[in-house]
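final.txt (compact mmCIF, N, CA and C atoms) appears below.
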```txt
# COMPACT_ATOMS: atom_id res chain seq x y z
N MET Y 20 0.83 -1.16 0.00
CA MET Y 20 0.00 0.00 0.00
C MET Y 20 0.88 1.24 0.00
N LYS Y 21 0.62 2.13 -0.95
CA LYS Y 21 1.39 3.37 -1.06
C LYS Y 21 0.75 4.47 -0.24
N MET Y 22 1.63 5.27 0.36
CA MET Y 22 1.12 6.42 1.13
C MET Y 22 0.96 7.61 0.19
N ALA Y 23 -0.03 8.42 0.49
CA ALA Y 23 -0.25 9.63 -0.31
C ALA Y 23 0.92 10.58 -0.09
N ARG Y 24 1.32 11.19 -1.16
CA ARG Y 24 2.48 12.10 -1.10
C ARG Y 24 2.04 13.44 -0.54
N ARG Y 25 2.76 13.92 0.47
CA ARG Y 25 2.46 15.21 1.06
C ARG Y 25 3.71 16.07 1.00
N GLY Y 26 3.53 17.37 0.69
CA GLY Y 26 4.66 18.29 0.69
C GLY Y 26 5.44 18.24 -0.61
N PHE Y 27 6.57 18.90 -0.58
CA PHE Y 27 7.43 19.00 -1.76
C PHE Y 27 8.76 18.32 -1.47
N THR Y 28 9.37 17.84 -2.52
CA THR Y 28 10.69 17.24 -2.35
C THR Y 28 11.73 18.35 -2.30
N LEU Y 29 12.91 18.00 -1.86
CA LEU Y 29 14.00 18.96 -1.75
C LEU Y 29 14.35 19.54 -3.12
N ILE Y 30 14.35 18.73 -4.14
CA ILE Y 30 14.69 19.20 -5.49
C ILE Y 30 13.64 20.18 -5.99
N GLU Y 31 12.37 19.91 -5.72
CA GLU Y 31 11.32 20.85 -6.12
C GLU Y 31 11.50 22.20 -5.43
N MET Y 32 11.85 22.20 -4.16
CA MET Y 32 12.06 23.44 -3.42
C MET Y 32 13.26 24.22 -3.98
N ILE Y 33 14.32 23.52 -4.30
CA ILE Y 33 15.50 24.19 -4.87
C ILE Y 33 15.16 24.80 -6.22
N LEU Y 34 14.43 24.09 -7.05
CA LEU Y 34 14.03 24.63 -8.35
C LEU Y 34 13.15 25.87 -8.20
N VAL Y 35 12.23 25.86 -7.25
CA VAL Y 35 11.37 27.02 -7.02
C VAL Y 35 12.22 28.21 -6.59
N LEU Y 36 13.17 27.99 -5.70
CA LEU Y 36 14.05 29.08 -5.25
C LEU Y 36 14.89 29.64 -6.39
N VAL Y 37 15.38 28.78 -7.27
CA VAL Y 37 16.15 29.24 -8.41
C VAL Y 37 15.28 30.08 -9.34
N VAL Y 38 14.08 29.64 -9.63
CA VAL Y 38 13.17 30.38 -10.50
C VAL Y 38 12.83 31.74 -9.89
N ILE Y 39 12.53 31.77 -8.60
CA ILE Y 39 12.21 33.04 -7.93
C ILE Y 39 13.41 33.99 -7.97
N THR Y 40 14.59 33.46 -7.72
CA THR Y 40 15.81 34.29 -7.75
C THR Y 40 16.04 34.88 -9.13
N ILE Y 41 15.88 34.06 -10.16
CA ILE Y 41 16.06 34.54 -11.53
C ILE Y 41 15.01 35.59 -11.87
N ALA Y 42 13.80 35.43 -11.39
CA ALA Y 42 12.73 36.39 -11.68
C ALA Y 42 12.93 37.70 -10.92
N LEU Y 43 13.45 37.66 -9.72
CA LEU Y 43 13.60 38.86 -8.90
C LEU Y 43 14.85 39.67 -9.23
N PHE Y 44 15.86 39.05 -9.81
CA PHE Y 44 17.12 39.76 -10.07
C PHE Y 44 16.92 41.01 -10.95
N PRO Y 45 16.21 40.94 -12.07
CA PRO Y 45 16.00 42.16 -12.87
C PRO Y 45 15.23 43.24 -12.11
N LEU Y 46 14.30 42.83 -11.28
CA LEU Y 46 13.52 43.79 -10.49
C LEU Y 46 14.42 44.53 -9.50
N ILE Y 47 15.27 43.81 -8.81
CA ILE Y 47 16.20 44.42 -7.86
C ILE Y 47 17.18 45.33 -8.59
N GLU Y 48 17.64 44.91 -9.74
CA GLU Y 48 18.57 45.73 -10.54
C GLU Y 48 17.91 47.02 -10.99
N SER Y 49 16.64 46.98 -11.35
CA SER Y 49 15.95 48.20 -11.76
C SER Y 49 15.80 49.17 -10.60
N PHE Y 50 15.61 48.67 -9.39
CA PHE Y 50 15.55 49.54 -8.22
C PHE Y 50 16.88 50.24 -7.99
N SER Y 51 17.98 49.51 -8.11
CA SER Y 51 19.29 50.14 -7.89
C SER Y 51 19.60 51.15 -9.00
N SER Y 52 19.16 50.88 -10.22
CA SER Y 52 19.34 51.86 -11.30
C SER Y 52 18.53 53.12 -11.02
N GLY Y 53 17.34 52.96 -10.50
CA GLY Y 53 16.51 54.10 -10.15
C GLY Y 53 17.13 54.94 -9.05
N ILE Y 54 17.72 54.29 -8.07
CA ILE Y 54 18.38 55.00 -6.98
C ILE Y 54 19.58 55.78 -7.50
N ARG Y 55 20.36 55.16 -8.40
CA ARG Y 55 21.52 55.86 -9.00
C ARG Y 55 21.05 57.07 -9.79
N GLY Y 56 20.00 56.91 -10.57
CA GLY Y 56 19.46 58.03 -11.35
C GLY Y 56 18.97 59.15 -10.47
N SER Y 57 18.35 58.81 -9.36
CA SER Y 57 17.87 59.81 -8.41
C SER Y 57 19.04 60.57 -7.79
N LYS Y 58 20.11 59.88 -7.48
CA LYS Y 58 21.31 60.52 -6.90
C LYS Y 58 21.94 61.48 -7.90
N ILE Y 59 22.02 61.09 -9.15
CA ILE Y 59 22.58 61.95 -10.19
C ILE Y 59 21.75 63.21 -10.33
N ALA Y 60 20.44 63.07 -10.36
CA ALA Y 60 19.55 64.23 -10.48
C ALA Y 60 19.67 65.14 -9.27
N SER Y 61 19.76 64.56 -8.09
CA SER Y 61 19.89 65.35 -6.87
C SER Y 61 21.20 66.12 -6.85
N ASP Y 62 22.30 65.47 -7.23
CA ASP Y 62 23.61 66.14 -7.27
C ASP Y 62 23.62 67.26 -8.30
N THR Y 63 23.00 67.04 -9.45
CA THR Y 63 22.94 68.07 -10.49
C THR Y 63 22.12 69.27 -10.01
N ASN Y 64 21.00 69.02 -9.35
CA ASN Y 64 20.20 70.11 -8.81
C ASN Y 64 20.97 70.91 -7.76
N THR Y 65 21.73 70.22 -6.92
CA THR Y 65 22.56 70.89 -5.91
C THR Y 65 23.61 71.76 -6.60
N ALA Y 66 24.23 71.24 -7.66
CA ALA Y 66 25.25 72.00 -8.39
C ALA Y 66 24.64 73.25 -9.02
N ILE Y 67 23.45 73.13 -9.57
CA ILE Y 67 22.77 74.29 -10.17
C ILE Y 67 22.51 75.35 -9.10
N GLU Y 68 22.03 74.92 -7.94
CA GLU Y 68 21.76 75.86 -6.86
C GLU Y 68 23.04 76.55 -6.38
N LEU Y 69 24.12 75.79 -6.25
CA LEU Y 69 25.39 76.37 -5.81
C LEU Y 69 25.94 77.36 -6.83
N ALA Y 70 25.79 77.05 -8.11
CA ALA Y 70 26.26 77.97 -9.16
C ALA Y 70 25.43 79.25 -9.15
N GLN Y 71 24.12 79.12 -9.03
CA GLN Y 71 23.26 80.31 -8.99
C GLN Y 71 23.55 81.15 -7.75
N GLN Y 72 23.77 80.48 -6.63
CA GLN Y 72 24.08 81.19 -5.39
C GLN Y 72 25.36 82.01 -5.54
N LYS Y 73 26.39 81.40 -6.13
CA LYS Y 73 27.66 82.11 -6.33
C LYS Y 73 27.48 83.28 -7.29
N MET Y 74 26.72 83.09 -8.34
CA MET Y 74 26.48 84.16 -9.30
C MET Y 74 25.77 85.33 -8.61
N GLU Y 75 24.80 85.04 -7.75
CA GLU Y 75 24.10 86.09 -7.03
C GLU Y 75 25.03 86.82 -6.06
N GLN Y 76 25.95 86.08 -5.43
CA GLN Y 76 26.94 86.71 -4.55
C GLN Y 76 27.80 87.69 -5.36
N LEU Y 77 28.21 87.26 -6.54
CA LEU Y 77 29.07 88.11 -7.38
C LEU Y 77 28.33 89.35 -7.88
N GLN Y 78 27.02 89.23 -8.09
CA GLN Y 78 26.24 90.38 -8.54
C GLN Y 78 26.19 91.48 -7.49
N SER Y 79 26.36 91.12 -6.22
CA SER Y 79 26.30 92.11 -5.15
C SER Y 79 27.64 92.81 -4.92
N ILE Y 80 28.68 92.36 -5.62
CA ILE Y 80 30.01 92.97 -5.48
C ILE Y 80 30.14 94.12 -6.48
N PRO Y 81 30.77 95.23 -6.07
CA PRO Y 81 30.98 96.33 -7.02
C PRO Y 81 31.75 95.85 -8.25
N PHE Y 82 31.42 96.43 -9.40
CA PHE Y 82 32.00 96.01 -10.68
C PHE Y 82 33.53 95.98 -10.64
N ALA Y 83 34.15 97.00 -10.09
CA ALA Y 83 35.62 97.09 -10.07
C ALA Y 83 36.25 96.01 -9.19
N SER Y 84 35.50 95.45 -8.25
CA SER Y 84 36.05 94.45 -7.32
C SER Y 84 35.85 93.01 -7.78
N LEU Y 85 35.17 92.80 -8.90
CA LEU Y 85 34.96 91.44 -9.39
C LEU Y 85 36.29 90.81 -9.76
N SER Y 86 36.53 89.61 -9.22
CA SER Y 86 37.78 88.91 -9.54
C SER Y 86 37.56 87.40 -9.43
N ASN Y 87 38.55 86.65 -9.88
CA ASN Y 87 38.47 85.19 -9.83
C ASN Y 87 38.41 84.72 -8.38
N SER Y 88 37.71 83.63 -8.17
CA SER Y 88 37.68 83.03 -6.83
C SER Y 88 37.42 81.54 -6.96
N SER Y 89 37.78 80.81 -5.93
CA SER Y 89 37.49 79.37 -5.94
C SER Y 89 37.30 78.89 -4.51
N GLU Y 90 36.50 77.85 -4.39
CA GLU Y 90 36.25 77.21 -3.10
C GLU Y 90 36.55 75.73 -3.28
N ALA Y 91 37.53 75.25 -2.53
CA ALA Y 91 37.99 73.88 -2.69
C ALA Y 91 36.95 72.88 -2.20
N LEU Y 92 37.17 71.64 -2.59
CA LEU Y 92 36.29 70.54 -2.20
C LEU Y 92 36.17 70.50 -0.69
N GLY Y 93 34.93 70.50 -0.21
CA GLY Y 93 34.69 70.41 1.23
C GLY Y 93 34.65 71.74 1.96
N THR Y 94 34.89 72.85 1.27
CA THR Y 94 34.88 74.15 1.96
C THR Y 94 33.55 74.88 1.85
N ILE Y 95 32.63 74.36 1.06
CA ILE Y 95 31.30 74.96 0.98
C ILE Y 95 30.47 74.34 2.11
N ALA Y 96 30.02 75.16 3.03
CA ALA Y 96 29.31 74.66 4.21
C ALA Y 96 28.11 73.80 3.82
N GLY Y 97 28.08 72.58 4.33
CA GLY Y 97 26.98 71.67 4.07
C GLY Y 97 27.08 70.87 2.78
N PHE Y 98 28.13 71.10 2.01
CA PHE Y 98 28.28 70.42 0.72
C PHE Y 98 29.71 69.88 0.60
N ALA Y 99 29.99 68.82 1.32
CA ALA Y 99 31.35 68.29 1.43
C ALA Y 99 31.92 67.77 0.11
N PHE Y 100 31.07 67.34 -0.81
CA PHE Y 100 31.57 66.74 -2.04
C PHE Y 100 31.53 67.69 -3.23
N PHE Y 101 31.35 68.98 -2.97
CA PHE Y 101 31.24 69.98 -4.03
C PHE Y 101 32.33 71.03 -3.90
N SER Y 102 32.78 71.53 -5.04
CA SER Y 102 33.68 72.68 -5.07
C SER Y 102 33.20 73.58 -6.20
N ARG Y 103 33.61 74.84 -6.15
CA ARG Y 103 33.18 75.75 -7.21
C ARG Y 103 34.25 76.81 -7.43
N GLU Y 104 34.23 77.35 -8.64
CA GLU Y 104 35.16 78.40 -8.99
C GLU Y 104 34.44 79.43 -9.85
N ALA Y 105 34.86 80.67 -9.70
CA ALA Y 105 34.33 81.76 -10.51
C ALA Y 105 35.49 82.35 -11.29
N THR Y 106 35.30 82.47 -12.59
CA THR Y 106 36.32 83.05 -13.45
C THR Y 106 35.76 84.34 -14.04
N VAL Y 107 36.54 85.42 -13.91
CA VAL Y 107 36.12 86.72 -14.41
C VAL Y 107 37.09 87.17 -15.49
N THR Y 108 36.54 87.47 -16.67
CA THR Y 108 37.35 88.02 -17.76
C THR Y 108 36.72 89.33 -18.21
N GLU Y 109 37.52 90.18 -18.82
CA GLU Y 109 37.02 91.47 -19.28
C GLU Y 109 37.25 91.57 -20.79
N PRO Y 110 36.31 91.09 -21.59
CA PRO Y 110 36.49 91.11 -23.04
C PRO Y 110 36.46 92.53 -23.63
N LEU Y 111 35.72 93.43 -22.99
CA LEU Y 111 35.63 94.82 -23.43
C LEU Y 111 35.67 95.73 -22.21
N THR Y 112 35.99 96.97 -22.43
CA THR Y 112 35.96 97.94 -21.34
C THR Y 112 34.52 98.02 -20.81
N ASN Y 113 34.39 98.05 -19.49
CA ASN Y 113 33.09 98.12 -18.81
C ASN Y 113 32.20 96.89 -19.04
N LEU Y 114 32.80 95.77 -19.43
CA LEU Y 114 32.06 94.52 -19.62
C LEU Y 114 32.90 93.37 -19.06
N LYS Y 115 32.31 92.60 -18.15
CA LYS Y 115 33.01 91.45 -17.58
C LYS Y 115 32.15 90.20 -17.79
N GLU Y 116 32.82 89.16 -18.22
CA GLU Y 116 32.16 87.86 -18.35
C GLU Y 116 32.50 87.05 -17.10
N VAL Y 117 31.48 86.57 -16.42
CA VAL Y 117 31.66 85.79 -15.20
C VAL Y 117 31.16 84.37 -15.46
N THR Y 118 32.04 83.41 -15.23
CA THR Y 118 31.69 82.00 -15.40
C THR Y 118 31.85 81.30 -14.05
N VAL Y 119 30.81 80.60 -13.62
CA VAL Y 119 30.85 79.84 -12.37
C VAL Y 119 30.74 78.36 -12.73
N ASN Y 120 31.72 77.59 -12.29
CA ASN Y 120 31.72 76.13 -12.49
C ASN Y 120 31.65 75.45 -11.14
N VAL Y 121 30.81 74.45 -11.05
CA VAL Y 121 30.68 73.64 -9.84
C VAL Y 121 31.11 72.23 -10.19
N TYR Y 122 31.94 71.65 -9.33
CA TYR Y 122 32.44 70.28 -9.52
C TYR Y 122 32.02 69.43 -8.34
N TRP Y 123 31.73 68.17 -8.58
CA TRP Y 123 31.40 67.27 -7.49
C TRP Y 123 31.83 65.86 -7.83
N LYS Y 124 32.07 65.09 -6.77
CA LYS Y 124 32.48 63.70 -6.94
C LYS Y 124 31.24 62.85 -7.13
N SER Y 125 31.27 62.05 -8.17
CA SER Y 125 30.18 61.11 -8.41
C SER Y 125 30.76 59.70 -8.36
N GLY Y 126 29.93 58.73 -8.59
CA GLY Y 126 30.39 57.34 -8.55
C GLY Y 126 31.45 57.04 -9.58
N ILE Y 127 31.43 57.72 -10.72
CA ILE Y 127 32.36 57.45 -11.81
C ILE Y 127 33.63 58.28 -11.69
N GLY Y 128 33.51 59.50 -11.25
CA GLY Y 128 34.65 60.41 -11.17
C GLY Y 128 34.19 61.77 -10.72
N THR Y 129 34.48 62.79 -11.51
CA THR Y 129 34.08 64.15 -11.18
C THR Y 129 33.15 64.68 -12.26
N ASP Y 130 32.03 65.25 -11.83
CA ASP Y 130 31.08 65.87 -12.75
C ASP Y 130 31.17 67.37 -12.62
N GLN Y 131 30.60 68.09 -13.59
CA GLN Y 131 30.71 69.54 -13.62
C GLN Y 131 29.42 70.16 -14.15
N PHE Y 132 29.10 71.34 -13.61
CA PHE Y 132 28.01 72.16 -14.14
C PHE Y 132 28.52 73.60 -14.14
N GLY Y 133 28.24 74.34 -15.21
CA GLY Y 133 28.70 75.72 -15.29
C GLY Y 133 27.64 76.65 -15.84
N ILE Y 134 27.71 77.89 -15.37
CA ILE Y 134 26.86 78.97 -15.93
C ILE Y 134 27.73 80.17 -16.19
N SER Y 135 27.27 81.01 -17.07
CA SER Y 135 28.03 82.19 -17.47
C SER Y 135 27.10 83.38 -17.59
N SER Y 136 27.61 84.56 -17.26
CA SER Y 136 26.81 85.77 -17.37
C SER Y 136 27.74 86.95 -17.65
N TYR Y 137 27.15 88.03 -18.16
CA TYR Y 137 27.91 89.26 -18.41
C TYR Y 137 27.48 90.34 -17.43
N PHE Y 138 28.46 91.04 -16.90
CA PHE Y 138 28.20 92.15 -15.99
C PHE Y 138 28.64 93.43 -16.69
N ILE Y 139 27.81 94.45 -16.63
CA ILE Y 139 28.10 95.71 -17.32
C ILE Y 139 28.27 96.81 -16.27
N ASN Y 140 29.28 97.64 -16.45
CA ASN Y 140 29.49 98.80 -15.61
C ASN Y 140 28.87 99.99 -16.29
N TYR Y 141 27.73 100.44 -15.81
CA TYR Y 141 27.05 101.58 -16.44
C TYR Y 141 26.84 102.70 -15.48
```
Kindly transcribe the structure held in the file into C-alpha cells.
Amino acid sequence: MKMARRGFTLIEMILVLVVITIALFPLIESFSSGIRGSKIASDTNTAIELAQQKMEQLQSIPFASLSNSSEALGTIAGFAFFSREATVTEPLTNLKEVTVNVYWKSGIGTDQFGISSYFINY
C-alpha cells in the first residue's frame, strides 16, 4: 500500500528558489538603477543651486572688485563633495564675463556644471 504524497521534495524546493531568484534579479537591478538616477539628479540640482548662489553673490560685489575666486572641495558649508570656482574676464571695457563652475564627486569620477553671465558697468 502506497502512502499519499504530502509536501514537496528537496529538489522541487531548490528549483522554485532558483526560478524566484532569476525572476527577482532584474527587479532588484531596476531599483538600484533608479536610486543611482535619483542621486545623479539630486547632485545636479545641488550644483545648479550652488552655481546660482555664487552668481548672485558676485552680482552684489561692485563692478571694479569682481575677480576670480574658488572654493575647494569640502569648503562649501553643508556640501562636502562639491567645489566651485568663478572666473572673471574682461572682453571689453566696462564689460566682464563671469563663469561659475561647480564640480562634485560622483560614482564614476568628477562631474561639472557651469553657468556664465555678463556684468556691465554703467
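Between atom CA of Y:Asn87 and atom CA of Y:Ser135 the separation is 13.3 Å.
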Residues of chain Y in helix (DSSP H, G or I) according to DSSP, as a PyMOL selection string? chain Y and resi 29-78+82-84
What gap, in Å, lies between atom C of Y:Gln71 and atom N of Y:Ile134? 9.3 Å
I'd like the neighbourhood of Y:Asn113 as a count of residues only, where a residue qualifies if any of its atoms comes within 7 Å (using only N, CA and C atoms), though same-chain residues fewer than 3 positions away should be ignored. 4
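Closest approach to Y:Phe100 among Y:Ser61, Y:Thr112, Y:Ser125, Y:Ser88 is made by Y:Ser125 (distances from all atoms listed in the file).
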Mind giving me the straight-line distance from atom CA of Y:Pro110 to atom CA of Y:Glu68 in Å, one decimal? 26.7 Å
Using all atoms listed in the file, the best pick from Y:Leu92, Y:Leu85, Y:Ile47, Y:Ala60 as closest to Y:Trp123 would be Y:Leu92
Go ahead and fit an axis-aligned box to every listed atom of stretch 109-112 of chain Y plus 4 Å each side, and pass me the centre and edge lengths in Å, one decimal, as JSON.
```
{"center_x": 36.0, "center_y": 94.1, "center_z": -21.2, "size_x": 11.0, "size_y": 15.8, "size_z": 12.8}
```
Those in chain Y with strand (DSSP E or B) from DSSP, as a PyMOL selection string: chain Y and resi 88-90+101-111+114-124+129-139
What residues have an atom no more than 12 Å from (31.1, 90.1, -7.0) in the file's own frame, counting only C-alpha atoms, and can you write them as a ChimeraX atom specification? /Y:72-88,105-107,115-119,137-138
